[in-house]
file coords_9.tsv (TSV, C-alpha atoms)
chain	number	residue	atom	x	y	z
T	1	MET	CA	0.00	0.00	0.00
T	2	GLU	CA	1.20	3.48	-0.92
T	3	THR	CA	0.30	6.33	1.45
T	4	GLY	CA	0.81	10.06	1.61
T	5	SER	CA	-0.74	13.42	2.37
T	6	ILE	CA	-1.13	16.85	0.81
T	7	PRO	CA	-1.23	19.95	3.07
T	8	VAL	CA	-4.44	21.85	2.31
T	9	GLU	CA	-2.69	25.15	3.06
T	10	ASP	CA	-0.52	24.52	-0.02
T	11	LEU	CA	-3.57	24.57	-2.30
T	12	PRO	CA	-4.50	28.12	-3.46
T	13	GLY	CA	-8.00	28.81	-2.19
T	14	GLY	CA	-8.03	25.77	0.08
T	15	PHE	CA	-9.89	22.53	-0.44
T	16	ASP	CA	-12.92	20.69	0.88
T	17	LEU	CA	-13.16	17.02	-0.04
T	18	GLN	CA	-16.71	16.29	1.08
T	19	SER	CA	-18.39	19.06	-0.90
T	20	THR	CA	-16.23	18.36	-3.93
T	21	VAL	CA	-17.30	14.70	-4.17
T	22	GLU	CA	-20.82	14.96	-2.66
T	23	SER	CA	-22.15	17.98	-4.55
T	24	GLY	CA	-23.73	16.12	-7.47
T	25	GLN	CA	-20.94	16.79	-9.95
T	26	SER	CA	-19.21	13.40	-9.70
T	27	TYR	CA	-20.46	9.84	-9.35
T	28	LEU	CA	-17.00	8.30	-9.48
T	29	TRP	CA	-16.36	8.64	-5.73
T	30	ARG	CA	-17.90	6.57	-2.95
T	31	ARG	CA	-17.78	6.77	0.84
T	32	GLU	CA	-16.21	3.84	2.65
T	33	ASP	CA	-18.93	4.03	5.33
T	34	GLY	CA	-21.74	3.86	2.73
T	35	ARG	CA	-23.24	7.20	3.78
T	36	MET	CA	-22.86	9.04	0.48
T	37	TYR	CA	-25.45	11.78	-0.08
T	38	GLU	CA	-27.09	11.34	3.33
T	39	THR	CA	-26.94	15.11	3.81
T	40	THR	CA	-27.52	17.85	1.27
T	41	HIS	CA	-25.28	20.23	3.25
T	42	ALA	CA	-22.18	18.19	2.45
T	43	TYR	CA	-19.16	20.06	3.77
T	44	GLY	CA	-16.25	19.74	6.15
T	45	GLY	CA	-16.42	15.99	6.83
T	46	SER	CA	-13.53	13.65	7.50
T	47	ALA	CA	-14.91	10.40	6.04
T	48	TRP	CA	-12.83	8.17	3.77
T	49	TYR	CA	-13.80	8.27	0.09
T	50	TYR	CA	-12.51	6.06	-2.70
T	51	ALA	CA	-12.38	5.97	-6.46
T	52	VAL	CA	-11.25	3.26	-8.87
T	53	THR	CA	-9.79	4.31	-12.20
T	54	ASP	CA	-7.42	2.66	-14.68
T	55	GLY	CA	-7.21	-0.37	-12.39
T	56	GLU	CA	-5.98	1.69	-9.42
T	57	VAL	CA	-7.79	2.26	-6.12
T	58	VAL	CA	-7.28	5.52	-4.26
T	59	ARG	CA	-8.78	6.30	-0.86
T	60	ALA	CA	-8.72	9.80	0.58
T	61	ARG	CA	-9.91	11.71	3.60
T	62	GLN	CA	-9.42	15.23	4.89
T	63	ARG	CA	-8.53	15.96	8.50
T	64	ASP	CA	-6.21	18.16	10.56
T	65	GLY	CA	-5.33	20.30	7.56
T	66	LEU	CA	-4.25	17.38	5.39
T	67	LEU	CA	-5.68	15.48	2.46
T	68	GLU	CA	-4.53	11.97	3.43
T	69	TRP	CA	-4.48	9.14	0.92
T	70	GLU	CA	-3.93	5.40	0.62
T	71	SER	CA	-3.66	3.69	-2.74
T	72	THR	CA	-2.47	0.86	-4.94
T	73	THR	CA	-0.13	3.43	-6.54
T	74	ASP	CA	1.59	6.71	-5.77
T	75	ALA	CA	-1.65	8.67	-5.92
T	76	GLU	CA	-0.67	12.29	-5.42
T	77	SER	CA	-0.67	13.17	-9.12
T	78	LEU	CA	-3.91	11.19	-9.58
T	79	LEU	CA	-5.61	13.19	-6.83
T	80	VAL	CA	-4.31	16.46	-8.24
T	81	SER	CA	-5.89	15.55	-11.58
T	82	LEU	CA	-9.20	14.08	-10.40
T	83	LEU	CA	-9.89	16.80	-7.82
T	84	ARG	CA	-8.38	19.73	-9.76
T	85	LEU	CA	-6.02	20.51	-6.93
T	86	ASP	CA	-3.92	22.40	-9.48
T	87	ASP	CA	-6.62	25.06	-9.92
T	88	ASP	CA	-5.86	28.42	-8.34
T	89	LEU	CA	-9.19	28.70	-6.58
T	90	ASP	CA	-8.37	32.14	-5.17
T	91	ALA	CA	-7.79	33.52	-8.66
T	92	ILE	CA	-10.91	31.83	-10.01
T	93	LEU	CA	-13.12	33.28	-7.29
T	94	ASP	CA	-11.52	36.71	-7.70
T	95	ALA	CA	-12.33	36.59	-11.42
T	96	THR	CA	-16.04	36.16	-10.73
T	97	PRO	CA	-18.06	39.39	-10.93
T	98	GLU	CA	-19.62	40.70	-7.74
T	99	ASP	CA	-22.85	38.80	-7.17
T	100	SER	CA	-24.54	38.33	-3.79
T	101	LEU	CA	-25.86	34.80	-4.46
T	102	VAL	CA	-22.52	33.56	-5.79
T	103	GLU	CA	-20.58	35.20	-2.97
T	104	THR	CA	-22.88	33.60	-0.37
T	105	ALA	CA	-22.39	30.19	-2.00
T	106	TYR	CA	-18.60	30.69	-2.11
T	107	ASP	CA	-18.56	31.62	1.58
T	108	GLU	CA	-20.70	28.61	2.52
T	109	TYR	CA	-18.64	26.02	0.64
T	110	ARG	CA	-15.20	27.59	0.41
T	111	GLY	CA	-12.69	25.08	-0.95
T	112	MET	CA	-15.09	23.04	-3.09
T	113	ARG	CA	-13.50	22.30	-6.44
T	114	ILE	CA	-14.82	21.13	-9.77
T	115	VAL	CA	-13.80	17.55	-10.52
T	116	ARG	CA	-11.95	16.19	-13.54
T	117	ASP	CA	-13.68	12.82	-13.97
T	118	PRO	CA	-12.82	10.22	-16.61
T	119	PHE	CA	-14.93	10.81	-19.71
T	120	PHE	CA	-17.00	7.62	-19.96
T	121	PRO	CA	-18.20	7.36	-16.33
T	122	CYS	CA	-19.11	11.04	-16.46
T	123	LEU	CA	-21.00	10.61	-19.73
T	124	VAL	CA	-23.02	7.66	-18.44
T	125	SER	CA	-23.75	9.37	-15.12
T	126	PHE	CA	-25.31	12.38	-16.76
T	127	ILE	CA	-27.17	10.38	-19.42
T	128	CYS	CA	-28.77	8.75	-16.36
T	129	SER	CA	-29.41	12.08	-14.64
T	130	ALA	CA	-32.60	13.11	-16.41
T	131	GLN	CA	-35.40	13.61	-13.87
T	132	MET	CA	-33.31	11.97	-11.15
T	133	ARG	CA	-32.15	13.05	-7.71
T	134	VAL	CA	-28.42	12.84	-7.12
T	135	ARG	CA	-28.77	9.84	-4.79
T	136	ARG	CA	-30.61	7.86	-7.47
T	137	ILE	CA	-27.97	8.73	-10.06
T	138	TYR	CA	-25.26	7.63	-7.64
T	139	ASP	CA	-27.04	4.32	-6.93
T	140	MET	CA	-27.28	3.59	-10.67
T	141	GLN	CA	-23.58	4.17	-11.23
T	142	THR	CA	-22.67	2.06	-8.20
T	143	ALA	CA	-24.85	-0.77	-9.50
T	144	LEU	CA	-23.28	-0.56	-12.98
T	145	ALA	CA	-19.80	-0.82	-11.49
T	146	ARG	CA	-20.68	-3.82	-9.34
T	147	ARG	CA	-22.51	-5.63	-12.14
T	148	PHE	CA	-20.26	-4.97	-15.12
T	149	GLY	CA	-16.96	-3.47	-13.90
T	150	GLU	CA	-13.68	-5.19	-13.11
T	151	SER	CA	-12.98	-5.96	-9.46
T	152	VAL	CA	-9.78	-4.76	-7.80
T	153	GLU	CA	-8.48	-6.15	-4.52
T	154	PHE	CA	-6.96	-3.65	-2.12
T	155	ASP	CA	-6.25	-3.77	1.61
T	156	GLY	CA	-8.38	-6.88	2.07
T	157	LYS	CA	-11.42	-5.42	0.30
T	158	THR	CA	-12.91	-5.77	-3.15
T	159	TYR	CA	-13.55	-2.59	-5.14
T	160	HIS	CA	-15.26	-2.24	-8.50
T	161	GLU	CA	-14.14	-0.04	-11.36
T	162	PHE	CA	-16.72	1.60	-13.61
T	163	PRO	CA	-17.22	-0.56	-16.71
T	164	THR	CA	-15.51	0.26	-19.97
T	165	PRO	CA	-17.43	1.20	-23.12
T	166	THR	CA	-16.77	-2.32	-24.45
T	167	GLN	CA	-18.23	-3.92	-21.33
T	168	LEU	CA	-21.42	-1.83	-21.42
T	169	ALA	CA	-21.75	-2.18	-25.20
T	170	ALA	CA	-21.91	-5.95	-24.66
T	171	ALA	CA	-24.56	-5.69	-21.93
T	172	ASP	CA	-28.13	-6.74	-22.62
T	173	GLU	CA	-30.56	-3.87	-22.46
T	174	SER	CA	-32.73	-5.95	-20.13
T	175	ASP	CA	-29.82	-6.21	-17.69
T	176	LEU	CA	-29.40	-2.44	-17.73
T	177	ARG	CA	-33.10	-1.94	-17.14
T	178	ALA	CA	-32.89	-4.36	-14.20
T	179	LEU	CA	-30.48	-1.88	-12.60
T	180	LYS	CA	-33.28	0.72	-12.79
T	181	LEU	CA	-31.92	2.68	-15.73
T	182	GLY	CA	-35.36	2.55	-17.34
T	183	TYR	CA	-35.66	4.37	-20.67
T	184	ARG	CA	-32.04	5.50	-20.28
T	185	ALA	CA	-30.79	1.91	-20.80
T	186	PRO	CA	-30.70	1.99	-24.63
T	187	TYR	CA	-29.08	5.44	-24.55
T	188	VAL	CA	-26.29	4.16	-22.30
T	189	ARG	CA	-25.77	1.04	-24.40
T	190	LYS	CA	-25.74	2.89	-27.74
T	191	SER	CA	-23.35	5.56	-26.46
T	192	ALA	CA	-21.08	2.79	-25.17
T	193	GLU	CA	-21.19	1.17	-28.62
T	194	LEU	CA	-20.20	4.46	-30.28
T	195	LEU	CA	-17.17	4.78	-28.01
T	196	ALA	CA	-16.21	1.10	-28.15
T	197	SER	CA	-16.24	1.14	-31.95
T	198	GLY	CA	-14.38	4.43	-32.17
T	199	GLU	CA	-17.21	5.95	-34.22
T	200	VAL	CA	-17.37	8.85	-31.73
T	201	THR	CA	-14.74	9.55	-29.08
T	202	ALA	CA	-13.86	12.15	-26.48
T	203	GLU	CA	-11.11	13.34	-28.82
T	204	ASP	CA	-13.78	14.41	-31.30
T	205	VAL	CA	-14.88	16.93	-28.68
T	206	ARG	CA	-11.77	17.84	-26.72
T	207	GLY	CA	-10.13	21.06	-27.85
T	208	LEU	CA	-13.06	22.42	-29.87
T	209	PRO	CA	-14.35	25.90	-29.04
T	210	TYR	CA	-16.91	25.62	-26.24
T	211	GLU	CA	-20.18	25.86	-28.17
T	212	GLY	CA	-18.81	23.63	-30.93
T	213	ALA	CA	-17.81	21.09	-28.28
T	214	ARG	CA	-21.34	21.16	-26.88
T	215	ASP	CA	-22.71	20.43	-30.35
T	216	ALA	CA	-20.17	17.62	-30.89
T	217	MET	CA	-21.14	15.97	-27.58
T	218	GLN	CA	-24.62	15.43	-28.94
T	219	ALA	CA	-23.36	12.73	-31.30
T	220	PHE	CA	-23.79	10.50	-28.25
T	221	VAL	CA	-27.26	9.06	-27.71
T	222	GLY	CA	-29.30	10.61	-24.90
T	223	VAL	CA	-27.16	13.74	-24.81
T	224	GLY	CA	-28.78	17.13	-25.20
T	225	ASP	CA	-27.48	20.57	-24.29
T	226	LYS	CA	-27.66	20.13	-20.52
T	227	VAL	CA	-25.99	16.69	-20.39
T	228	ALA	CA	-23.37	17.91	-22.85
T	229	ASP	CA	-22.61	20.87	-20.60
T	230	CYS	CA	-22.23	18.58	-17.58
T	231	VAL	CA	-19.69	16.37	-19.35
T	232	LEU	CA	-17.82	19.35	-20.75
T	233	LEU	CA	-17.55	20.88	-17.27
T	234	PHE	CA	-16.90	17.83	-15.10
T	235	ALA	CA	-14.79	15.69	-17.46
T	236	LEU	CA	-13.31	17.78	-20.25
T	237	GLY	CA	-12.34	20.94	-18.37
T	238	TYR	CA	-14.58	23.48	-20.09
T	239	LEU	CA	-14.87	25.66	-17.00
T	240	GLU	CA	-17.10	28.15	-18.80
T	241	ALA	CA	-19.92	25.58	-19.18
T	242	VAL	CA	-23.08	26.26	-17.15
T	243	PRO	CA	-25.51	23.31	-17.17
T	244	LEU	CA	-29.04	24.67	-16.96
T	245	ASP	CA	-30.53	22.14	-14.55
T	246	THR	CA	-33.62	22.70	-12.42
T	247	TRP	CA	-31.71	24.49	-9.66
T	248	ILE	CA	-29.98	26.92	-12.00
T	249	GLN	CA	-33.22	27.55	-13.86
T	250	SER	CA	-34.79	28.42	-10.49
T	251	ALA	CA	-31.88	30.76	-9.72
T	252	ILE	CA	-32.37	32.47	-13.08
T	253	GLU	CA	-36.09	32.91	-12.40
T	254	GLU	CA	-35.55	34.39	-8.93
T	255	HIS	CA	-32.23	36.20	-9.18
T	256	TYR	CA	-31.37	36.71	-12.85
T	257	PRO	CA	-34.62	37.05	-14.81
T	258	HIS	CA	-32.82	39.22	-17.37
T	259	CYS	CA	-30.83	36.11	-18.36
T	260	ASP	CA	-33.92	34.15	-19.43
T	261	ARG	CA	-33.78	34.41	-23.21
T	262	GLY	CA	-36.33	31.71	-24.03
T	263	SER	CA	-33.95	29.08	-25.41
T	264	TYR	CA	-31.32	26.96	-23.72
T	265	ARG	CA	-28.49	28.32	-25.83
T	266	ASP	CA	-29.34	31.99	-25.50
T	267	THR	CA	-30.06	31.68	-21.78
T	268	SER	CA	-26.83	29.72	-21.33
T	269	ARG	CA	-24.91	32.50	-23.06
T	270	ALA	CA	-26.49	35.14	-20.82
T	271	ILE	CA	-25.93	33.32	-17.51
T	272	ARG	CA	-22.34	32.53	-18.51
T	273	GLU	CA	-21.77	36.25	-18.96
T	274	GLN	CA	-23.49	36.94	-15.62
T	275	PHE	CA	-21.13	34.48	-13.91
T	276	GLY	CA	-18.02	35.93	-15.54
T	277	GLY	CA	-17.44	33.81	-18.62
T	278	GLU	CA	-14.18	31.89	-18.33
T	279	TYR	CA	-14.90	30.31	-14.93
T	280	ALA	CA	-18.69	30.48	-15.00
T	281	GLY	CA	-18.93	26.73	-14.34
T	282	TYR	CA	-17.37	27.25	-10.93
T	283	ALA	CA	-20.03	29.80	-10.01
T	284	GLN	CA	-22.71	27.43	-11.31
T	285	THR	CA	-21.42	24.52	-9.23
T	286	TYR	CA	-21.30	26.56	-6.04
T	287	VAL	CA	-24.78	27.99	-6.61
T	288	PHE	CA	-26.15	24.52	-7.44
T	289	HIS	CA	-24.76	23.01	-4.22
T	290	TYR	CA	-25.85	25.99	-2.12
T	291	LEU	CA	-29.43	25.95	-3.42
T	292	ARG	CA	-29.74	22.18	-2.94
T	293	SER	CA	-28.77	22.49	0.72
call {"tool": "encode", "arguments": {"input": "coords_9.tsv", "output": "C-alpha cells"}}
result
Amino acid sequence: METGSIPVEDLPGGFDLQSTVESGQSYLWRREDGRMYETTHAYGGSAWYYAVTDGEVVRARQRDGLLEWESTTDAESLLVSLLRLDDDLDAILDATPEDSLVETAYDEYRGMRIVRDPFFPCLVSFICSAQMRVRRIYDMQTALARRFGESVEFDGKTYHEFPTPTQLAAADESDLRALKLGYRAPYVRKSAELLASGEVTAEDVRGLPYEGARDAMQAFVGVGDKVADCVLLFALGYLEAVPLDTWIQSAIEEHYPHCDRGSYRDTSRAIREQFGGEYAGYAQTYVFHYLRS
C-alpha cells in the first residue's frame, strides 16, 4: 500500500473534499462508510472516500489540515488531476463578478473544487441524470460498477471499477433496465457502442471551441445541451460551461430574470456572462450546491 498526504494550506483557495465529491458533480467517488449523499449540506467531513480508475484504487480523507491518501499506486498526481487541486481557486473566485448569491455560496462552501472525472463514467452518469435526484444517479452508477466493472483487490477489500465502453456495449438492455436505468438503458448502451467502436470519441470533442464542443457531444445518444454541458464541465475541463438544470433555472427565475432568453443556448450564453465567462462553471457549481442544501 502506498500512502501520503497533501497539506491543504498549499492549495491556493483551500480545499474541501466532502463538498467536492458529494455535490452532485461526480459519481466516481464513494464513501467507505456507505453514507454518500445522506446530507444535502455536504461540507467539512472527515470520512474516507474512494475511487477506482485505470485499475488503481485511491482512498482519501481530509482531517487536521491534510488530504490523506492510501492507494495501490503513488496517488498524489492522480488526486491532483481528479480533484483539480492544481486550480488556483483564489484567482478563479476573484475573477467572478460581484454577485450576492454567488458570494454567499462561495462563503458557505469555500474550498469546493470542480472535478476532472474520466470521460465515460461522467457521460453515463449524466445520461442517467434526467429527472433523477443525485442519490438515485449515484445508486445507478454504483450498480453498474458492481454488475459490469472489473474488481480490484486492495487492503483486504474488493472494489469495482466503472465498466468500460466495451463492457457496457456488450450488456443486454434488459440487464441495464434491471439496474433501474429505465428508458435510459438503450441510450447508455448505444453511447457505449459508439465509443467502443471508435465511431465517436472524447477526442472528437476535446479542444473544440466551447459551443462547438457542446454540439459535438450530442453525437452520443441521450445527450442534449444540458448533459453535454455537464460532461464538458466535469470531465473535459470546459470551466465556462453552465448546465441549466432545475436548480440553476430556479436561480435564473428568482435572481437573474434578465438572463432568461427563451432558449437553452441563449439563456446559457447570458448566464455565462453573468457568472463571468471563463470560470462560469465554478459559479454554477457553487450555486447549485448551495441551493440544494
call {"tool": "closest_atom_pairs", "arguments": {"input": "coords_9.tsv", "of": "region 84-131 of chain T", "to": "region 190-214 of chain T", "cutoff": "10 Å", "atoms": "all atoms listed in the file", "output": "JSON lines"}}
result
{"residue": "T:Phe119", "atom": "CA", "partner": "T:Ala202", "partner_atom": "CA", "distance": 7.0}
{"residue": "T:Phe120", "atom": "CA", "partner": "T:Ala192", "partner_atom": "CA", "distance": 8.2}
{"residue": "T:Leu123", "atom": "CA", "partner": "T:Ser191", "partner_atom": "CA", "distance": 8.7}
{"residue": "T:Val124", "atom": "CA", "partner": "T:Ser191", "partner_atom": "CA", "distance": 8.3}
{"residue": "T:Ile127", "atom": "CA", "partner": "T:Ser191", "partner_atom": "CA", "distance": 9.3}
call {"tool": "atom_distance", "arguments": {"input": "coords_9.tsv", "atom1": "CA of Cys122 (chain T)", "atom2": "CA of Arg265 (chain T)"}}
result
21.8 Å
call {"tool": "closest_residue", "arguments": {"input": "coords_9.tsv", "among": "T:Pro121, T:Arg184, T:Ala216, T:Pro97", "to": "Ile271 (chain T)", "atoms": "all atoms listed in the file"}}
result
T:Pro97
call {"tool": "atom_distance", "arguments": {"input": "coords_9.tsv", "atom1": "CA of Lys157 (chain T)", "atom2": "CA of Glu38 (chain T)"}}
result
23.1 Å
call {"tool": "closest_residue", "arguments": {"input": "coords_9.tsv", "among": "T:Val188, T:Cys230, T:Leu179, T:Val115", "to": "Arg146 (chain T)", "atoms": "only C-alpha atoms"}}
result
T:Leu179
call {"tool": "residues_around", "arguments": {"input": "coords_9.tsv", "residues": "region 27-29 of chain T", "least_positions_apart": "2", "cutoff": "6 Å", "atoms": "only C-alpha atoms", "output": "number ranges by chain"}}
result
T: 50-51, 138
call {"tool": "decode", "arguments": {"input": "coords_9.tsv", "residues": "region 194-285 of chain T", "atoms": "C-alpha atoms", "output": "JSON list (two decimals), in the first residue's frame"}}
result
[["chain", "number", "residue", "atom", "x", "y", "z"],
["T", 194, "LEU", "CA", -20.20, 4.46, -30.28],
["T", 195, "LEU", "CA", -17.17, 4.78, -28.01],
["T", 196, "ALA", "CA", -16.21, 1.10, -28.15],
["T", 197, "SER", "CA", -16.24, 1.14, -31.95],
["T", 198, "GLY", "CA", -14.38, 4.43, -32.17],
["T", 199, "GLU", "CA", -17.21, 5.95, -34.22],
["T", 200, "VAL", "CA", -17.37, 8.85, -31.73],
["T", 201, "THR", "CA", -14.74, 9.55, -29.08],
["T", 202, "ALA", "CA", -13.86, 12.15, -26.48],
["T", 203, "GLU", "CA", -11.11, 13.34, -28.82],
["T", 204, "ASP", "CA", -13.78, 14.41, -31.30],
["T", 205, "VAL", "CA", -14.88, 16.93, -28.68],
["T", 206, "ARG", "CA", -11.77, 17.84, -26.72],
["T", 207, "GLY", "CA", -10.13, 21.06, -27.85],
["T", 208, "LEU", "CA", -13.06, 22.42, -29.87],
["T", 209, "PRO", "CA", -14.35, 25.90, -29.04],
["T", 210, "TYR", "CA", -16.91, 25.62, -26.24],
["T", 211, "GLU", "CA", -20.18, 25.86, -28.17],
["T", 212, "GLY", "CA", -18.81, 23.63, -30.93],
["T", 213, "ALA", "CA", -17.81, 21.09, -28.28],
["T", 214, "ARG", "CA", -21.34, 21.16, -26.88],
["T", 215, "ASP", "CA", -22.71, 20.43, -30.35],
["T", 216, "ALA", "CA", -20.17, 17.62, -30.89],
["T", 217, "MET", "CA", -21.14, 15.97, -27.58],
["T", 218, "GLN", "CA", -24.62, 15.43, -28.94],
["T", 219, "ALA", "CA", -23.36, 12.73, -31.30],
["T", 220, "PHE", "CA", -23.79, 10.50, -28.25],
["T", 221, "VAL", "CA", -27.26, 9.06, -27.71],
["T", 222, "GLY", "CA", -29.30, 10.61, -24.90],
["T", 223, "VAL", "CA", -27.16, 13.74, -24.81],
["T", 224, "GLY", "CA", -28.78, 17.13, -25.20],
["T", 225, "ASP", "CA", -27.48, 20.57, -24.29],
["T", 226, "LYS", "CA", -27.66, 20.13, -20.52],
["T", 227, "VAL", "CA", -25.99, 16.69, -20.39],
["T", 228, "ALA", "CA", -23.37, 17.91, -22.85],
["T", 229, "ASP", "CA", -22.61, 20.87, -20.60],
["T", 230, "CYS", "CA", -22.23, 18.58, -17.58],
["T", 231, "VAL", "CA", -19.69, 16.37, -19.35],
["T", 232, "LEU", "CA", -17.82, 19.35, -20.75],
["T", 233, "LEU", "CA", -17.55, 20.88, -17.27],
["T", 234, "PHE", "CA", -16.90, 17.83, -15.10],
["T", 235, "ALA", "CA", -14.79, 15.69, -17.46],
["T", 236, "LEU", "CA", -13.31, 17.78, -20.25],
["T", 237, "GLY", "CA", -12.34, 20.94, -18.37],
["T", 238, "TYR", "CA", -14.58, 23.48, -20.09],
["T", 239, "LEU", "CA", -14.87, 25.66, -17.00],
["T", 240, "GLU", "CA", -17.10, 28.15, -18.80],
["T", 241, "ALA", "CA", -19.92, 25.58, -19.18],
["T", 242, "VAL", "CA", -23.08, 26.26, -17.15],
["T", 243, "PRO", "CA", -25.51, 23.31, -17.17],
["T", 244, "LEU", "CA", -29.04, 24.67, -16.96],
["T", 245, "ASP", "CA", -30.53, 22.14, -14.55],
["T", 246, "THR", "CA", -33.62, 22.70, -12.42],
["T", 247, "TRP", "CA", -31.71, 24.49, -9.66],
["T", 248, "ILE", "CA", -29.98, 26.92, -12.00],
["T", 249, "GLN", "CA", -33.22, 27.55, -13.86],
["T", 250, "SER", "CA", -34.79, 28.42, -10.49],
["T", 251, "ALA", "CA", -31.88, 30.76, -9.72],
["T", 252, "ILE", "CA", -32.37, 32.47, -13.08],
["T", 253, "GLU", "CA", -36.09, 32.91, -12.40],
["T", 254, "GLU", "CA", -35.55, 34.39, -8.93],
["T", 255, "HIS", "CA", -32.23, 36.20, -9.18],
["T", 256, "TYR", "CA", -31.37, 36.71, -12.85],
["T", 257, "PRO", "CA", -34.62, 37.05, -14.81],
["T", 258, "HIS", "CA", -32.82, 39.22, -17.37],
["T", 259, "CYS", "CA", -30.83, 36.11, -18.36],
["T", 260, "ASP", "CA", -33.92, 34.15, -19.43],
["T", 261, "ARG", "CA", -33.78, 34.41, -23.21],
["T", 262, "GLY", "CA", -36.33, 31.71, -24.03],
["T", 263, "SER", "CA", -33.95, 29.08, -25.41],
["T", 264, "TYR", "CA", -31.32, 26.96, -23.72],
["T", 265, "ARG", "CA", -28.49, 28.32, -25.83],
["T", 266, "ASP", "CA", -29.34, 31.99, -25.50],
["T", 267, "THR", "CA", -30.06, 31.68, -21.78],
["T", 268, "SER", "CA", -26.83, 29.72, -21.33],
["T", 269, "ARG", "CA", -24.91, 32.50, -23.06],
["T", 270, "ALA", "CA", -26.49, 35.14, -20.82],
["T", 271, "ILE", "CA", -25.93, 33.32, -17.51],
["T", 272, "ARG", "CA", -22.34, 32.53, -18.51],
["T", 273, "GLU", "CA", -21.77, 36.25, -18.96],
["T", 274, "GLN", "CA", -23.49, 36.94, -15.62],
["T", 275, "PHE", "CA", -21.13, 34.48, -13.91],
["T", 276, "GLY", "CA", -18.02, 35.93, -15.54],
["T", 277, "GLY", "CA", -17.44, 33.81, -18.62],
["T", 278, "GLU", "CA", -14.18, 31.89, -18.33],
["T", 279, "TYR", "CA", -14.90, 30.31, -14.93],
["T", 280, "ALA", "CA", -18.69, 30.48, -15.00],
["T", 281, "GLY", "CA", -18.93, 26.73, -14.34],
["T", 282, "TYR", "CA", -17.37, 27.25, -10.93],
["T", 283, "ALA", "CA", -20.03, 29.80, -10.01],
["T", 284, "GLN", "CA", -22.71, 27.43, -11.31],
["T", 285, "THR", "CA", -21.42, 24.52, -9.23]]
